[in-house]
file structure.cif (mmCIF, C-alpha atoms and all ligand atoms)
data_protein
loop_
_atom_site.label_atom_id
_atom_site.label_comp_id
_atom_site.auth_asym_id
_atom_site.auth_seq_id
_atom_site.Cartn_x
_atom_site.Cartn_y
_atom_site.Cartn_z
CA MET A 1 75.13 -133.20 23.29
CA ILE A 2 74.55 -130.54 25.96
CA ASP A 3 77.45 -128.52 24.48
CA GLN A 4 75.79 -128.68 21.08
CA LEU A 5 72.50 -127.44 22.58
CA TRP A 6 74.25 -124.42 24.22
CA GLU A 7 75.84 -123.65 20.85
CA TYR A 8 72.40 -123.49 19.15
CA ILE A 9 71.02 -121.31 21.93
CA ALA A 10 73.98 -118.92 21.63
CA VAL A 11 73.56 -118.62 17.82
CA ALA A 12 69.79 -117.98 18.24
CA ILE A 13 70.43 -115.28 20.86
CA GLY A 14 73.01 -113.72 18.56
CA ILE A 15 70.56 -113.60 15.65
CA LEU A 16 67.90 -112.06 17.91
CA VAL A 17 70.32 -109.39 19.16
CA VAL A 18 71.33 -108.47 15.60
CA LEU A 19 67.66 -108.29 14.47
CA GLY A 20 66.78 -106.18 17.51
CA ALA A 21 69.62 -103.78 16.77
CA VAL A 22 68.53 -103.37 13.12
CA LEU A 23 64.95 -102.75 14.20
CA VAL A 24 65.92 -100.08 16.75
CA GLY A 25 68.14 -98.45 14.14
CA LEU A 26 65.30 -98.22 11.64
CA LEU A 27 62.87 -96.74 14.14
CA ARG A 28 65.37 -94.14 15.23
CA GLY A 29 65.95 -93.07 11.65
CA ARG A 30 62.23 -92.20 11.08
CA GLY A 31 61.84 -90.48 14.40
CA GLY A 32 64.83 -88.24 13.66
CA ARG A 33 63.38 -86.96 10.39
CA THR A 34 60.06 -86.13 12.08
CA ARG A 35 61.76 -83.95 14.60
CA GLU A 36 63.51 -81.98 11.89
CA LEU A 37 60.11 -80.54 10.67
CA PRO A 38 58.95 -77.31 12.25
CA PRO A 39 55.90 -77.60 14.44
CA THR A 40 52.66 -77.20 12.49
CA GLY A 41 50.67 -76.19 15.50
CA ARG A 42 48.03 -78.84 14.85
CA GLU A 43 47.74 -82.53 14.08
CA PRO A 44 46.97 -83.38 10.45
CA GLY A 45 43.36 -84.37 10.01
CA VAL A 46 41.72 -87.14 8.06
CA GLY A 47 42.43 -87.00 4.36
CA GLU A 48 45.10 -84.30 4.73
CA ASP A 49 48.72 -84.60 3.91
CA ALA A 50 50.71 -85.35 7.01
CA ALA A 51 52.96 -82.44 6.13
CA PRO A 52 51.14 -79.58 4.30
CA PRO A 53 53.42 -77.87 1.76
CA ARG A 54 54.60 -74.61 3.28
CA ASP A 55 54.28 -72.61 0.08
CA ALA A 56 50.59 -73.44 -0.31
CA PRO A 57 48.72 -71.93 2.62
CA LYS A 58 45.06 -72.77 2.87
CA ARG A 59 42.82 -70.24 1.09
CA PRO A 60 39.17 -69.44 1.57
CA VAL A 61 36.89 -71.16 -0.91
CA GLU A 62 35.99 -67.91 -2.70
CA ASP A 63 39.61 -67.61 -3.76
CA VAL A 64 39.51 -70.84 -5.63
CA GLY A 65 36.51 -70.33 -7.88
CA GLY A 66 35.85 -67.48 -10.35
CA ILE A 67 39.46 -66.35 -10.40
CA ASP A 68 39.14 -64.21 -13.47
CA THR A 69 36.08 -62.30 -12.24
CA LEU A 70 37.33 -61.56 -8.72
CA PRO A 71 38.77 -58.20 -7.89
CA PRO A 72 42.57 -58.50 -7.63
CA ARG A 73 43.86 -59.45 -4.19
CA THR A 74 46.43 -57.11 -2.78
CA ALA A 75 47.97 -59.35 -0.11
CA GLU A 76 47.92 -63.01 0.92
CA PRO A 77 46.55 -63.60 4.40
CA PRO A 78 49.31 -64.09 6.98
CA ARG A 79 50.47 -67.69 7.29
CA GLY A 80 49.36 -69.87 10.13
CA ARG A 81 46.40 -67.67 11.05
CA PRO A 82 42.88 -68.68 10.09
CA PRO A 83 41.71 -66.78 7.02
CA VAL A 84 39.75 -63.62 7.79
CA ALA A 85 36.11 -63.80 6.72
CA GLU A 86 35.82 -61.88 3.45
CA PRO A 87 32.78 -59.95 2.19
CA GLU A 88 30.48 -61.59 -0.36
CA PRO A 89 32.25 -61.51 -3.69
CA GLU A 90 30.82 -58.96 -6.14
CA THR A 91 30.83 -61.55 -8.89
CA LEU A 92 27.38 -62.86 -7.99
CA ARG A 93 25.76 -59.68 -9.32
CA GLU A 94 25.28 -58.99 -13.01
CA PRO A 95 27.67 -56.28 -14.09
CA GLU A 96 25.82 -52.99 -14.69
CA PRO A 97 25.80 -52.17 -18.40
CA THR A 98 27.42 -48.86 -19.10
CA PRO A 99 24.49 -46.55 -19.97
CA VAL A 100 24.69 -44.85 -23.31
CA VAL A 101 22.96 -41.50 -22.99
CA GLU A 102 21.18 -40.45 -26.16
CA ARG A 103 21.18 -36.93 -27.47
CA PRO A 104 17.57 -36.30 -28.51
CA GLU A 105 16.67 -34.38 -31.61
CA ALA A 106 15.96 -30.67 -31.08
CA PRO A 107 12.19 -30.07 -31.25
CA ALA A 108 12.56 -27.23 -33.74
CA GLY A 109 13.69 -29.59 -36.47
CA ARG A 110 10.98 -32.15 -35.99
CA LEU A 111 7.84 -30.17 -36.86
CA GLN A 112 8.75 -30.23 -40.51
CA ARG A 113 9.09 -34.01 -40.58
CA LEU A 114 5.95 -34.56 -38.54
CA ARG A 115 3.91 -32.25 -40.70
CA ALA A 116 3.97 -34.74 -43.52
CA ARG A 117 2.61 -37.41 -41.21
CA LEU A 118 -0.11 -35.15 -39.88
CA ALA A 119 -1.05 -34.09 -43.40
CA ARG A 120 -1.39 -37.71 -44.49
CA SER A 121 -3.82 -38.60 -41.77
CA ASN A 122 -5.87 -35.44 -42.08
CA SER A 123 -5.90 -35.00 -45.83
CA ALA A 124 -9.47 -36.32 -45.94
CA LEU A 125 -10.65 -33.20 -44.14
CA GLY A 126 -8.62 -30.57 -45.98
CA GLN A 127 -8.86 -32.04 -49.45
CA GLY A 128 -12.54 -32.85 -49.03
CA LEU A 129 -13.36 -29.29 -48.00
CA LEU A 130 -11.36 -27.72 -50.77
CA ALA A 131 -12.98 -29.91 -53.39
CA LEU A 132 -16.45 -28.97 -52.17
CA LEU A 133 -15.84 -25.26 -51.73
CA SER A 134 -14.18 -24.68 -55.09
CA ARG A 135 -17.22 -25.88 -57.01
CA SER A 136 -18.62 -23.19 -59.18
CA ASP A 137 -22.17 -24.03 -58.14
CA LEU A 138 -22.13 -23.80 -54.35
CA ASP A 139 -25.70 -24.88 -53.70
CA GLU A 140 -27.40 -25.76 -50.41
CA GLU A 141 -26.56 -29.42 -50.83
CA THR A 142 -22.88 -28.64 -51.16
CA TRP A 143 -22.96 -26.51 -48.03
CA GLU A 144 -24.52 -29.42 -46.20
CA ASP A 145 -21.70 -31.64 -47.38
CA VAL A 146 -19.23 -29.07 -46.08
CA GLU A 147 -20.95 -29.19 -42.70
CA ASP A 148 -20.93 -32.98 -42.62
CA THR A 149 -17.22 -33.07 -43.45
CA LEU A 150 -16.45 -30.70 -40.60
CA LEU A 151 -18.64 -32.61 -38.14
CA THR A 152 -17.02 -35.94 -38.96
CA SER A 153 -13.64 -34.37 -38.25
CA ASP A 154 -14.78 -33.81 -34.61
CA LEU A 155 -14.82 -30.06 -34.94
CA GLY A 156 -18.06 -29.96 -32.98
CA VAL A 157 -21.42 -28.40 -33.84
CA ASP A 158 -20.71 -24.85 -32.62
CA ALA A 159 -17.41 -24.45 -34.41
CA THR A 160 -18.81 -26.04 -37.57
CA THR A 161 -21.76 -23.66 -37.66
CA GLU A 162 -19.49 -20.69 -37.09
CA LEU A 163 -17.10 -21.74 -39.83
CA VAL A 164 -19.82 -22.45 -42.39
CA ASP A 165 -21.54 -19.13 -41.66
CA ALA A 166 -18.27 -17.25 -42.14
CA LEU A 167 -17.53 -19.04 -45.40
CA ARG A 168 -21.00 -18.42 -46.79
CA ALA A 169 -20.71 -14.72 -46.00
CA GLN A 170 -17.35 -14.53 -47.73
CA VAL A 171 -18.61 -16.30 -50.85
CA LYS A 172 -21.59 -13.95 -50.97
CA ILE A 173 -19.46 -10.82 -50.62
CA GLU A 174 -16.61 -11.86 -52.94
CA GLY A 175 -18.63 -13.86 -55.41
CA ARG A 176 -15.60 -16.06 -56.15
CA THR A 177 -14.99 -19.73 -55.46
CA ASP A 178 -11.69 -20.53 -57.19
CA GLU A 179 -9.59 -22.95 -55.18
CA ALA A 180 -6.81 -20.52 -54.26
CA THR A 181 -9.26 -17.99 -52.85
CA VAL A 182 -11.29 -20.56 -50.96
CA ARG A 183 -8.10 -22.04 -49.57
CA ASP A 184 -7.05 -18.66 -48.17
CA TRP A 185 -10.42 -18.13 -46.50
CA LEU A 186 -10.51 -21.59 -45.08
CA ARG A 187 -6.98 -21.24 -43.77
CA ALA A 188 -7.70 -17.93 -42.06
CA ASP A 189 -10.97 -19.17 -40.57
CA LEU A 190 -9.48 -22.42 -39.29
CA ILE A 191 -6.54 -20.62 -37.69
CA ALA A 192 -8.97 -18.27 -35.99
CA LEU A 193 -10.88 -21.29 -34.66
CA VAL A 194 -7.72 -22.94 -33.35
CA ASP A 195 -6.92 -19.58 -31.69
CA PRO A 196 -3.29 -18.56 -32.15
CA THR A 197 -3.51 -16.15 -29.21
CA MET A 198 -3.50 -18.93 -26.58
CA ASP A 199 -0.31 -19.39 -24.57
CA ARG A 200 1.03 -22.83 -25.47
CA SER A 201 4.32 -22.71 -23.62
CA ILE A 202 5.03 -25.52 -21.15
CA ALA A 203 6.21 -24.67 -17.64
CA SER A 204 9.72 -26.07 -17.71
CA SER A 205 11.99 -23.49 -16.08
CA ARG A 206 12.65 -22.88 -12.39
CA VAL A 207 10.06 -20.72 -10.70
CA GLU A 208 11.11 -18.56 -7.75
CA GLY A 209 14.11 -20.73 -6.98
CA ARG A 210 12.37 -24.09 -7.23
CA PRO A 211 11.76 -26.59 -10.06
CA ALA A 212 8.63 -26.23 -12.18
CA VAL A 213 6.14 -29.00 -11.38
CA VAL A 214 4.26 -30.70 -14.22
CA LEU A 215 1.55 -33.27 -13.47
CA VAL A 216 0.40 -35.57 -16.29
CA VAL A 217 -3.09 -37.10 -16.08
CA GLY A 218 -5.60 -38.95 -18.24
CA VAL A 219 -7.58 -42.15 -18.76
CA ASN A 220 -5.94 -45.52 -19.37
CA GLY A 221 -3.74 -45.99 -22.38
CA THR A 222 -3.99 -42.49 -23.80
CA GLY A 223 -0.20 -42.14 -23.91
CA LYS A 224 0.70 -40.44 -20.60
CA THR A 225 3.91 -42.33 -19.88
CA THR A 226 5.02 -42.11 -23.49
CA THR A 227 4.31 -38.37 -23.46
CA VAL A 228 6.31 -37.84 -20.24
CA GLY A 229 9.19 -39.75 -21.83
CA LYS A 230 9.02 -37.81 -25.09
CA LEU A 231 8.64 -34.49 -23.26
CA ALA A 232 11.70 -35.27 -21.15
CA ARG A 233 13.61 -35.68 -24.41
CA VAL A 234 12.33 -32.35 -25.75
CA LEU A 235 13.45 -30.64 -22.54
CA VAL A 236 16.83 -32.38 -22.44
CA ALA A 237 17.41 -31.18 -26.01
CA GLU A 238 16.78 -27.68 -24.63
CA ASP A 239 19.44 -28.30 -21.95
CA LYS A 240 16.97 -28.47 -19.07
CA ASP A 241 17.67 -30.52 -15.95
CA VAL A 242 14.71 -32.86 -15.78
CA VAL A 243 13.54 -35.25 -13.04
CA LEU A 244 10.78 -37.83 -13.56
CA GLY A 245 8.33 -38.94 -10.88
CA ALA A 246 6.70 -42.35 -11.26
CA ALA A 247 3.42 -41.80 -9.42
CA ASP A 248 1.76 -44.65 -11.34
CA THR A 249 2.18 -47.23 -8.60
CA PHE A 250 -0.53 -49.63 -9.80
CA ARG A 251 2.00 -51.79 -11.60
CA ALA A 252 5.75 -51.96 -11.01
CA ALA A 253 6.10 -52.16 -14.79
CA ALA A 254 4.75 -48.60 -15.10
CA ALA A 255 7.70 -47.18 -13.14
CA ASP A 256 10.09 -49.38 -15.14
CA GLN A 257 8.60 -48.05 -18.39
CA LEU A 258 9.13 -44.46 -17.23
CA GLU A 259 12.61 -45.17 -15.90
CA THR A 260 13.61 -46.63 -19.26
CA TRP A 261 12.58 -43.42 -21.03
CA GLY A 262 14.53 -41.38 -18.48
CA SER A 263 17.70 -43.44 -18.48
CA ARG A 264 17.95 -43.20 -22.26
CA VAL A 265 18.52 -39.46 -21.94
CA GLY A 266 20.28 -39.50 -18.56
CA VAL A 267 17.28 -38.24 -16.57
CA PRO A 268 16.72 -39.64 -13.04
CA THR A 269 13.40 -41.22 -12.07
CA ILE A 270 12.07 -41.04 -8.52
CA ARG A 271 9.91 -44.08 -7.84
CA SER A 272 8.78 -46.60 -5.27
CA GLU A 273 9.98 -50.18 -5.49
CA ARG A 274 6.70 -51.31 -3.96
CA GLU A 275 3.70 -52.05 -6.16
CA GLY A 276 0.62 -50.31 -4.75
CA ALA A 277 2.61 -47.64 -2.90
CA ASP A 278 0.77 -44.39 -2.20
CA PRO A 279 1.00 -42.39 -5.46
CA ALA A 280 0.66 -39.10 -3.57
CA ALA A 281 3.71 -39.98 -1.45
CA VAL A 282 5.77 -40.84 -4.53
CA ALA A 283 4.71 -37.59 -6.22
CA PHE A 284 5.67 -35.67 -3.07
CA ASP A 285 9.07 -37.39 -2.96
CA ALA A 286 9.63 -36.61 -6.62
CA VAL A 287 8.99 -32.91 -6.09
CA LYS A 288 11.19 -32.90 -2.99
CA GLY A 289 13.95 -34.83 -4.78
CA ALA A 290 13.86 -32.50 -7.77
CA ALA A 291 14.19 -29.50 -5.45
CA GLU A 292 17.20 -31.10 -3.73
CA MET A 293 18.78 -31.82 -7.11
CA GLU A 294 18.09 -28.21 -8.13
CA ALA A 295 16.38 -29.44 -11.30
CA ASP A 296 14.62 -27.12 -13.72
CA VAL A 297 11.48 -29.24 -13.94
CA VAL A 298 9.90 -32.39 -12.52
CA LEU A 299 7.46 -34.35 -14.71
CA ILE A 300 5.07 -36.57 -12.76
CA ASP A 301 3.42 -39.52 -14.50
CA THR A 302 0.18 -40.83 -12.97
CA ALA A 303 -1.82 -44.01 -13.39
CA GLY A 304 -4.51 -44.12 -16.05
CA ARG A 305 -7.96 -43.80 -14.52
CA LEU A 306 -11.46 -43.77 -15.91
CA HIS A 307 -13.07 -40.42 -15.34
CA ASN A 308 -16.25 -42.10 -14.04
CA LYS A 309 -14.50 -44.02 -11.24
CA VAL A 310 -15.06 -41.77 -8.27
CA GLY A 311 -12.47 -43.44 -6.00
CA LEU A 312 -9.72 -43.10 -8.59
CA MET A 313 -10.59 -39.49 -9.32
CA ASP A 314 -10.50 -38.77 -5.56
CA GLU A 315 -7.07 -40.35 -5.45
CA LEU A 316 -5.91 -37.98 -8.19
CA GLY A 317 -7.25 -35.04 -6.21
CA LYS A 318 -5.21 -36.26 -3.24
CA VAL A 319 -2.05 -36.52 -5.38
CA LYS A 320 -2.56 -32.89 -6.32
CA ARG A 321 -3.18 -31.72 -2.75
CA VAL A 322 -0.19 -33.61 -1.34
CA ILE A 323 2.16 -32.17 -3.97
CA GLU A 324 0.87 -28.72 -3.13
CA LYS A 325 1.99 -29.17 0.47
CA ARG A 326 5.52 -29.06 -0.92
CA SER A 327 5.23 -26.86 -4.01
CA PRO A 328 2.70 -25.16 -6.26
CA ILE A 329 1.86 -27.14 -9.42
CA ASP A 330 2.74 -25.14 -12.51
CA GLU A 331 1.24 -27.32 -15.19
CA VAL A 332 -1.37 -30.07 -15.35
CA LEU A 333 -1.31 -31.76 -18.74
CA LEU A 334 -4.35 -33.82 -19.69
CA VAL A 335 -3.43 -36.48 -22.22
CA LEU A 336 -6.25 -37.28 -24.66
CA ASP A 337 -6.24 -39.91 -27.38
CA ALA A 338 -7.36 -38.09 -30.56
CA THR A 339 -8.87 -41.29 -31.94
CA THR A 340 -11.48 -41.44 -29.17
CA GLY A 341 -13.19 -38.34 -30.54
CA GLN A 342 -16.14 -36.97 -28.59
CA ASN A 343 -15.55 -39.43 -25.70
CA GLY A 344 -12.39 -37.51 -24.97
CA LEU A 345 -14.41 -34.38 -24.34
CA ARG A 346 -16.37 -35.90 -21.47
CA GLN A 347 -13.13 -37.20 -19.94
CA ALA A 348 -11.62 -33.77 -20.27
CA GLU A 349 -14.50 -32.14 -18.41
CA VAL A 350 -14.30 -34.48 -15.43
CA PHE A 351 -10.50 -34.27 -15.14
CA ALA A 352 -10.69 -30.51 -15.32
CA GLU A 353 -13.03 -30.53 -12.32
CA VAL A 354 -10.63 -32.58 -10.18
CA VAL A 355 -7.29 -31.06 -11.17
CA ASP A 356 -6.92 -27.67 -12.79
CA VAL A 357 -5.93 -28.71 -16.30
CA THR A 358 -3.65 -26.11 -17.89
CA GLY A 359 -2.89 -27.83 -21.18
CA ILE A 360 -3.97 -30.67 -23.45
CA VAL A 361 -1.69 -33.23 -25.07
CA LEU A 362 -3.47 -34.74 -28.05
CA THR A 363 -1.84 -38.09 -28.83
CA LYS A 364 -2.24 -40.46 -31.76
CA LEU A 365 -3.11 -37.66 -34.13
CA ASP A 366 -1.20 -39.76 -36.67
CA GLY A 367 -3.90 -42.40 -36.47
CA THR A 368 -7.00 -40.32 -37.15
CA ALA A 369 -8.47 -37.98 -39.68
CA LYS A 370 -10.29 -36.16 -36.89
CA GLY A 371 -8.07 -33.16 -36.38
CA GLY A 372 -11.14 -31.08 -35.50
CA ILE A 373 -10.89 -32.45 -31.95
CA VAL A 374 -8.19 -29.82 -31.33
CA VAL A 375 -10.77 -27.08 -31.69
CA SER A 376 -13.57 -28.78 -29.78
CA VAL A 377 -11.47 -29.72 -26.78
CA GLN A 378 -10.01 -26.24 -26.50
CA ARG A 379 -13.47 -24.74 -26.62
CA LYS A 380 -14.86 -27.16 -24.09
CA LEU A 381 -12.14 -26.56 -21.52
CA GLY A 382 -10.88 -23.15 -22.45
CA VAL A 383 -7.32 -24.50 -22.25
CA PRO A 384 -4.93 -24.83 -25.20
CA VAL A 385 -3.64 -27.93 -26.91
CA LYS A 386 0.06 -27.61 -26.12
CA LEU A 387 1.56 -30.78 -27.55
CA VAL A 388 0.60 -33.33 -30.15
CA GLY A 389 1.69 -36.95 -30.42
CA LEU A 390 2.30 -38.05 -33.96
CA GLY A 391 3.67 -41.54 -33.63
CA GLU A 392 5.28 -44.10 -31.37
CA GLY A 393 8.86 -43.03 -32.02
CA PRO A 394 10.80 -41.37 -29.17
CA ASP A 395 10.81 -37.98 -30.89
CA ASP A 396 7.26 -38.10 -32.24
CA LEU A 397 5.97 -35.32 -30.00
CA ALA A 398 5.67 -31.81 -31.34
CA PRO A 399 4.76 -28.48 -29.77
CA PHE A 400 1.37 -27.52 -31.14
CA ASP A 401 1.54 -24.70 -33.63
CA PRO A 402 -1.87 -23.53 -34.98
CA GLU A 403 -0.59 -22.33 -38.34
CA ALA A 404 1.51 -25.39 -39.06
CA PHE A 405 -1.41 -27.55 -37.99
CA VAL A 406 -3.90 -25.84 -40.31
CA ASP A 407 -1.41 -25.88 -43.17
CA ALA A 408 -0.99 -29.59 -42.59
CA LEU A 409 -4.77 -30.02 -42.74
CA LEU A 410 -4.99 -28.19 -46.04
CA ASP A 411 -1.85 -29.52 -47.73
N1 LIG B 501 0.51 -43.93 -32.94
C1 LIG B 501 0.73 -43.37 -31.76
N2 LIG B 501 0.82 -44.16 -30.67
C2 LIG B 501 1.05 -43.57 -29.47
C3 LIG B 501 1.19 -42.16 -29.33
N3 LIG B 501 1.40 -41.89 -28.02
C4 LIG B 501 1.38 -43.07 -27.38
N4 LIG B 501 1.18 -44.09 -28.22
C5 LIG B 501 1.07 -45.51 -27.92
O1 LIG B 501 0.00 -45.74 -27.03
C6 LIG B 501 0.25 -46.85 -26.18
C7 LIG B 501 -0.02 -46.49 -24.74
O2 LIG B 501 0.94 -45.53 -24.32
P1 LIG B 501 1.32 -45.28 -22.80
O3 LIG B 501 2.22 -44.11 -22.77
O4 LIG B 501 1.77 -46.51 -22.12
O5 LIG B 501 -0.11 -44.90 -22.24
P2 LIG B 501 -0.49 -44.52 -20.73
O6 LIG B 501 -1.51 -43.46 -20.81
O7 LIG B 501 0.72 -44.23 -19.94
O8 LIG B 501 -1.16 -45.89 -20.27
P3 LIG B 501 -1.57 -46.29 -18.75
O9 LIG B 501 -0.45 -45.88 -17.88
O10 LIG B 501 -1.77 -47.76 -18.82
O11 LIG B 501 -2.84 -45.57 -18.46
C8 LIG B 501 1.68 -47.24 -26.47
O12 LIG B 501 1.69 -48.33 -27.33
C9 LIG B 501 2.26 -46.01 -27.14
O13 LIG B 501 3.33 -46.32 -28.01
C10 LIG B 501 1.08 -41.36 -30.53
O14 LIG B 501 1.17 -40.13 -30.53
N5 LIG B 501 0.86 -42.02 -31.70
MG MG B 502 1.39 -45.06 -18.17
#
call {"tool": "encode", "arguments": {"input": "structure.cif", "output": "structure tokens", "more": "lines below"}}
Ligand SMILES: Nc1nc2c(ncn2[C@@H]2O[C@H](COP(=O)(O)OP(=O)(O)OP(=O)(O)O)[C@@H](O)[C@H]2O)c(=O)[nH]1
Ligand SMILES: [Mg+2]
result
Amino acid sequence: MIDQLWEYIAVAIGILVVLGAVLVGLLRGRGGRTRELPPTGREPGVGEDAAPPRDAPKRPVEDVGGIDTLPPRTAEPPRGRPPVAEPEPETLREPEPTPVVERPEAPAGRLQRLRARLARSNSALGQGLLALLSRSDLDEETWEDVEDTLLTSDLGVDATTELVDALRAQVKIEGRTDEATVRDWLRADLIALVDPTMDRSIASSRVEGRPAVVLVVGVNGTGKTTTVGKLARVLVAEDKDVVLGAADTFRAAAADQLETWGSRVGVPTIRSEREGADPAAVAFDAVKGAAEMEADVVLIDTAGRLHNKVGLMDELGKVKRVIEKRSPIDEVLLVLDATTGQNGLRQAEVFAEVVDVTGIVLTKLDGTAKGGIVVSVQRKLGVPVKLVGLGEGPDDLAPFDPEAFVDALLD
């Protein structure tokens, strides 16, 4: 019985020994493989593979997203080292569109096309006058109608009286009123009134080694910014190096509007990014910048201001004085809306007192039959109309030519 018990104990011990040996063998096997791996330098963390694949080093997160928009990488970061902090990827910014620079139409070619438009809007004046004057019976009543026609065209009382007196004298002397003859008289008299002897050139070439400075002023909405944009195109077509100055700082949109005109023809705009910045400072910077760029001319747009707002007119005076600390001003263009008629004359007077106006730009002549404003504004200020706006298109600005203008009136 005892022998049997010892036998059982011996078998049990044997089984235990065998099991123990198998267990030790298994554990040894795993431990051996672990030692074969190279040291990783750190313990694997939660959620990571115990053994990171060696051919897939960790990459910064920017590398993973937006692969096709990232600039190409030249080299992988060295293995085992933490990735070097990289600069913000460029991909967050909108790609700049490649600017397409337009080649504006040469101004010489455009007068012809614009003449038709001018003639259309002014035909009431020319045709009306011709119809009246070529009557065989030119009585007092007809002369009064002639006067009325001239007055409604904004020619002004003085110029109207002068013109009617001259015509009456001619009729008396010649005794003829056929249309061709009357047309010739009227043409000659109107040209004389518009005064072809005035210098209508625009300062746009370098003066004594510095850029010409052109300041553009006027009341709200007359077409100043549009005129600066169109004039830049005229000058680019003449191969001038132009710089724009956005001294209308009332609204950020004003500088954007100007910059758009400039960028279309590859002309830089000097501006402030801050709404309400000092317009005199921006104008000064524009003149300085243009000098540094060795430009031919700098065109400075200003905010629209009512001529009866003293504070705003003082501000314009300051713009002028601050520019003059850096450079003389060669041209001050007053932009008048031809459709405002006699109101424009009062504006013109006040602006001329604050800044020395050297030329008038008469815009929106396409929208009025009141071409006589050309004569009255010139007489009032003693300065010539230099440019006329004849539409909203980018090339709808023409140098003012008295003969072409009168021909357009009478066509
Ligand atoms: N028909 C016609 N429209 C014009 C002419 N010139 C300008 N305009 C229009 O007039 C409007 C006002 O033009 P802007 O150039 O913005 O006027 P602005 O004087 O700069 O205006 P502010 O800066 O607000 O004082 C725009 O719709 C222009 O397209 C023109 O000769 N003919
Ligand atoms: Mg403007």
call {"tool": "residues_near_ligand", "arguments": {"input": "structure.cif", "ligand": "ligand MG 502 (chain B)", "cutoff": "12 Å", "atoms": "all atoms listed in the file", "output": "ChimeraX atom specification"}}
result
/A:216-229,245-259,261,300-305,335
call {"tool": "closest_residue", "arguments": {"input": "structure.cif", "among": "A:Ala131, A:Ala291, A:Val157, A:Leu306", "to": "ligand LIG 501 (chain B)", "atoms": "only C-alpha atoms and all ligand atoms"}}
result
A:Leu306
call {"tool": "closest_residue", "arguments": {"input": "structure.cif", "among": "A:Lys370, A:Lys364, A:Lys309, A:Arg135", "to": "ligand LIG 501 (chain B)", "atoms": "only C-alpha atoms and all ligand atoms"}}
result
A:Lys364
call {"tool": "closest_residue", "arguments": {"input": "structure.cif", "among": "A:Asp137, A:Asp178, A:Asp189, A:Asp314", "to": "Pro402 (chain A)", "atoms": "only C-alpha atoms"}}
result
A:Asp189
call {"tool": "atom_distance", "arguments": {"input": "structure.cif", "atom1": "CA of Val298 (chain A)", "atom2": "CA of Val242 (chain A)"}}
result
5.8 Å
call {"tool": "residues_around", "arguments": {"input": "structure.cif", "residues": "Val350 (chain A)", "least_positions_apart": "4", "cutoff": "7 Å", "atoms": "only C-alpha atoms", "output": "list in words"}}
result
His307, Arg346 and Val354 of chain A
call {"tool": "residues_near_point", "arguments": {"input": "structure.cif", "point": "(4.0, -25.6, -8.7)", "cutoff": "7 Å", "atoms": "all atoms listed in the file", "output": "NGL selection string"}}
result
:A and (212-213 or 327-330)
call {"tool": "atom_distance", "arguments": {"input": "structure.cif", "atom1": "CA of Asp366 (chain A)", "atom2": "atom C3 of ligand LIG 501 (chain B)"}}
result
8.1 Å
call {"tool": "atom_distance", "arguments": {"input": "structure.cif", "atom1": "CA of Glu140 (chain A)", "atom2": "CA of Arg379 (chain A)"}}
result
27.6 Å
call {"tool": "closest_residue", "arguments": {"input": "structure.cif", "among": "A:Asp139, A:Ile323, A:Arg187, A:Gly382", "to": "Asp411 (chain A)", "atoms": "all atoms listed in the file"}}
result
A:Arg187
call {"tool": "axis_aligned_box", "arguments": {"input": "structure.cif", "around": "ligand LIG 501 (chain B)", "padding_each_side": "8 Å", "output": "AutoDock Vina command-line options"}}
result
--center_x 0.2 --center_y -44.2 --center_z -25.4 --size_x 22.2 --size_y 24.2 --size_z 31.1
call {"tool": "closest_atom_pairs", "arguments": {"input": "structure.cif", "of": "region 282-341 of chain A", "to": "region 266-274 of chain A", "cutoff": "9 Å", "atoms": "only C-alpha atoms", "output": "Markdown table"}}
result
| residue | atom | partner | partner_atom | distance |
| --- | --- | --- | --- | --- |
| A:Val282 | CA | A:Arg271 | CA | 6.2 |
| A:Ala283 | CA | A:Ile270 | CA | 8.4 |
| A:Asp285 | CA | A:Ile270 | CA | 7.3 |
| A:Ala286 | CA | A:Ile270 | CA | 5.4 |
| A:Gly289 | CA | A:Ile270 | CA | 7.5 |
| A:Ala290 | CA | A:Ile270 | CA | 8.8 |
call {"tool": "closest_residue", "arguments": {"input": "structure.cif", "among": "A:Glu324, A:Pro399, A:Leu235, A:Leu362", "to": "ligand LIG 501 (chain B)", "atoms": "all atoms listed in the file"}}
result
A:Leu362
call {"tool": "residues_near_point", "arguments": {"input": "structure.cif", "point": "(18.8, -27.1, -10.9)", "cutoff": "10 Å", "atoms": "all atoms listed in the file", "output": "PyMOL selection string"}}
result
chain A and resi 205-206+209-211+240-243+290-297
call {"tool": "residues_around", "arguments": {"input": "structure.cif", "residues": "Val383 (chain A)", "least_positions_apart": "5", "cutoff": "9 Å", "atoms": "all atoms listed in the file", "output": "PyMOL selection string"}}
result
chain A and resi 198-199+357-360+377-378
